[in-house]
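Notes to accompany the following structure.
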Amino acid sequence: MTQAGIGPRLARAADILARDMMCIADGESVLVTADSGTDPLAVQAVQDAAYRLGAKVAAIVLAPPVPFQGGLADEYLPDHVKAAAGACDAWIDLCMPYLAGSGAFDDAMEKGRVRYFLGADMGAEGIVRLMGGADLDAMFALGDAFGDLIANAAGKDCRIANADGTEIRFTLGKPEGFALGRATAPGGYFVPGTVMIYPELESVKGSVVTRNMFHEYYTELAEPMTLEIDGKVTDVIGGGPENKVMRRALARAGNGEFGYVVHFTCGFHPAARYTGRCFIEDQRVAGYNAIGLGLPFWVPGGGENHPDCVISMQSLWIEVERILRDGAIVAPPKLAKMAEELRPVYL
């Protein structure tokens, strides 16, 4: 889209992000972090939306982007960025790799003041679709219902499969991580439209076939890549030239080993489009799954770096009940009805 064509919708969507998602109030200090790869229209829209709410706004652009996500980003972050991260009320992060998991992020969370939003590579068009393309109340209601289903099934067997050849089983663990809702209290918050699914680490067994990878950068693969998993990732097959990048990212994240599957997800955003370029939006397409790899942050040495792969159009079973069929929520009936009624608010 051109700047003229996207302008009114982008301003509206940025207002939703600032006002309704991040709950920015008059007089608050707002930090927007970006890098030289961030869509400048997105930065402008977000900072303007915060300013319209009466906030005191600063945007900091990292140049170049940090080479790694998580704790490995720390040595590349300027001191003034670290200081700003812990001295604001709302932090909207549009860096890719994102700064969640870094020492600056951890310090900000420990101070108990900051509401952090992981926007990453969500550009102007992504903001329009993901923040302006669906009713937030309906999105949060579906996310809460789906999350409750997963949480109440902790300890049960789960299976995920798709037409590309993914076939994997695991035991459902307890929920962890960022909040799925409005940023009404300090902590970390996701873009709406996905539910996190945590496995018991050692229980994951099978194969994941992916065509999209976020290791040191987000990319479509020249050929499919297969991850063989038996508790930990045991092998990485195919993927063309990205195979070696994935192998070193896994070894870095797993302290020399390939590590575990840390999380699965399920996207359900009605306006999200598959782009092949935007990690944040692609994983929110209905039925898409971002599979996090390495060591979780609650394990000693975990959280340093977090490669992900994305799979499409998954089917998911809890025990014998099929919850997703080729990306569509089909059970239980109440959840399926909520998903069917969740429609884009514009096309």
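Residue numbering restarts at 1 for every chain of the structure tokens, chains are lettered A, B, ... in their displayed order, and ligands are numbered from 1 as they appear.
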
If you take only C-alpha atoms and a cut-off of 12 Å, which residues of region 28-125 of chain A touch region 287-298 of chain A, and what are their nearest atom pairs and distances in Å to one decimal, in chain and number order, as a tab-separated table?
```
residue	atom	partner	partner_atom	distance
A:Gly70	CA	A:Phe297	CA	9.9
A:Gly71	CA	A:Phe297	CA	10.4
A:Ala100	CA	A:Phe297	CA	11.2
A:Gly101	CA	A:Phe297	CA	8.2
A:Ser102	CA	A:Phe297	CA	11.0
A:Asp106	CA	A:Phe297	CA	10.8
```

- [ ] Find, counting only C-alpha atoms, the residue in A:Gly193, A:Pro270, A:Gly238, A:Gly188 that gets nearest to Met22 (chain A).
- [x]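 Counting only C-alpha atoms, the residue closest to Met22 (chain A) is A:Gly188.
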
Task: Closest of A:Ile150, A:Tyr51, A:Ile280, A:Lys82 to Pro332 (chain A) - atom-to-atom distances counting only C-alpha atoms - done: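 The answer is A:Ile150, which sits nearest to Pro332 (chain A).
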
Open item on the list: Counting only C-alpha atoms, which residue out of A:Ala185, A:Leu201, A:Ala58, A:Ala251 sits closest to Met21 (chain A)?
Closed with: A:Ala185

TODO: Please return as a ChimeraX atom specification: the residues of region 107-233 of chain A that backbone DSSP assigns to strand (DSSP E or B).
DONE: /A:115-118,157-161,167-172,179,187-190,194-197,199,205-214,218-230,232-233

TODO: Using DSSP on the backbone coordinates, identify the residues of region 211-319 of chain A assigned to alpha helix (DSSP H); present them as a PyMOL selection string.
DONE: chain A and resi 242-253+279-282

Task: Pro175 (chain A) environment, 8 Å, only C-alpha atoms, sequence neighbours closer than 6 positions dropped, as a count of residues only - done: 4

Write out as a PDB file with C-alpha atoms, in the first residue's frame which residues come within 8 Å of Pro199 (chain A) when counting only C-alpha atoms, dropping same-chain ones fewer than 6 positions away.
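Just written: selection25.pdb:
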```pdb
ATOM      1  CA  PHE A 170       3.481 -34.477  23.674  1.00  0.00           C
ATOM      2  CA  THR A 171       2.030 -34.044  27.136  1.00  0.00           C
ATOM      3  CA  LEU A 172       0.453 -30.669  27.782  1.00  0.00           C
ATOM      4  CA  GLY A 173       2.220 -28.588  30.431  1.00  0.00           C
ATOM      5  CA  LYS A 174       1.149 -25.586  32.491  1.00  0.00           C
ATOM      6  CA  VAL A 261      10.515 -27.628  21.955  1.00  0.00           C
ATOM      7  CA  VAL A 262       9.723 -24.788  24.368  1.00  0.00           C
ATOM      8  CA  HIS A 263       6.269 -23.955  23.045  1.00  0.00           C
ATOM      9  CA  PHE A 264       3.707 -24.480  20.338  1.00  0.00           C
TER      10      PHE A 264
END
```

Open item on the list: One decimal, in Å: what's the spacing between CA of Gln47 (chain A) and CA of Tyr274 (chain A)?
Closed with: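 CA of Tyr274 (chain A) lies 26.3 Å from CA of Gln47 (chain A).
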
Task: Spatial neighbours of Asp326 (chain A), max dist 6 Å, only C-alpha atoms, sep filter under 3 positions, as an NGL selection string - done: :A and (313-315)

Task: Between CA of Arg182 (chain A) and CA of Glu28 (chain A) - distance in Å to one decimal - done: 16.4 Å

Open item on the list: Give me, as number ranges by chain, all polymer residues having an atom no more than 7 Å from region 108-122 of chain A, counting only C-alpha atoms and skipping those fewer than 4 positions away in the same chain.
Closed with: A: 38, 85-86, 88-98, 104, 126-127, 183, 185-191, 278-281

Would you write out those residues with C-alpha atoms, as a CSV table (one decimal), in the first residue's frame?
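Saved to part01.csv:
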```csv
chain,number,residue,atom,x,y,z
A,38,THR,CA,11.6,-1.4,10.9
A,85,ALA,CA,13.7,0.5,28.8
A,86,GLY,CA,13.5,0.5,32.6
A,88,CYS,CA,9.1,4.2,31.0
A,89,ASP,CA,5.5,3.2,31.6
A,90,ALA,CA,4.8,1.6,28.2
A,91,TRP,CA,7.4,0.1,25.9
A,92,ILE,CA,6.4,-0.8,22.3
A,93,ASP,CA,9.1,-2.8,20.7
A,94,LEU,CA,9.2,-2.9,16.9
A,95,CYS,CA,12.7,-4.3,16.7
A,96,MET,CA,13.4,-7.6,14.8
A,97,PRO,CA,15.1,-9.5,16.4
A,98,TYR,CA,12.9,-8.3,19.3
A,104,ALA,CA,17.4,-4.7,29.4
A,126,GLY,CA,0.5,-5.6,9.9
A,127,ILE,CA,-0.7,-3.0,12.4
A,183,ALA,CA,-1.9,-4.1,29.1
A,185,ALA,CA,-0.6,-3.9,34.6
A,186,PRO,CA,3.2,-4.1,34.3
A,187,GLY,CA,4.5,-7.1,32.4
A,188,GLY,CA,4.9,-8.5,28.8
A,189,TYR,CA,2.1,-8.6,26.3
A,190,PHE,CA,1.7,-10.2,22.9
A,191,VAL,CA,-0.1,-9.0,19.7
A,278,CYS,CA,6.5,-11.0,8.9
A,279,PHE,CA,7.0,-13.5,11.7
A,280,ILE,CA,4.5,-11.8,14.0
A,281,GLU,CA,1.7,-11.8,11.4
```

- [ ] Would you kindly return, as a list in words, each protein, DNA or RNA residue with an atom no farther than 12 Å from any atom of Asp137 (chain A), considering only C-alpha atoms and excluding same-chain residues fewer than 2 positions away?
- [x]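 Once the adjacent positions are removed, what remains is Ile16, Asp20, Met21, Met131, Ala134, Asp135, Met139, Phe140, Ala141, Leu142, Gly143, Asp144, Leu180, Gly181, Arg182, Pro192, Gly193, Met338 and Leu342 of chain A.
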
Task: Among listed residues A:Val236, A:Val204, A:Val245, A:Ala161, nearest Gly327 (chain A) (using only C-alpha atoms) - done: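 Going through A:Val236, A:Val204, A:Val245, A:Ala161 one by one, the smallest distance to Gly327 (chain A) is for A:Ala161.
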
Task: Given only C-alpha atoms as the counted atoms, nearest of A:Ala55, A:Leu324, A:Ala138, A:Ile237 to Glu341 (chain A) - done: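 Answer, going by the shortest atom-to-atom distance: A:Ala138.
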
Task: d(CA of Met246 (chain A), CA of Thr226 (chain A)) in Å - done: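 Between CA of Met246 (chain A) and CA of Thr226 (chain A) the gap works out to 11.1 Å.
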
TODO: Return the single residue from A:Asp308, A:Ala179, A:Glu75, A:Val233 that is closest to Gly147 (chain A), with distances computed using only C-alpha atoms.
DONE: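 Nearest candidate to Gly147 (chain A) out of A:Asp308, A:Ala179, A:Glu75, A:Val233: A:Ala179.
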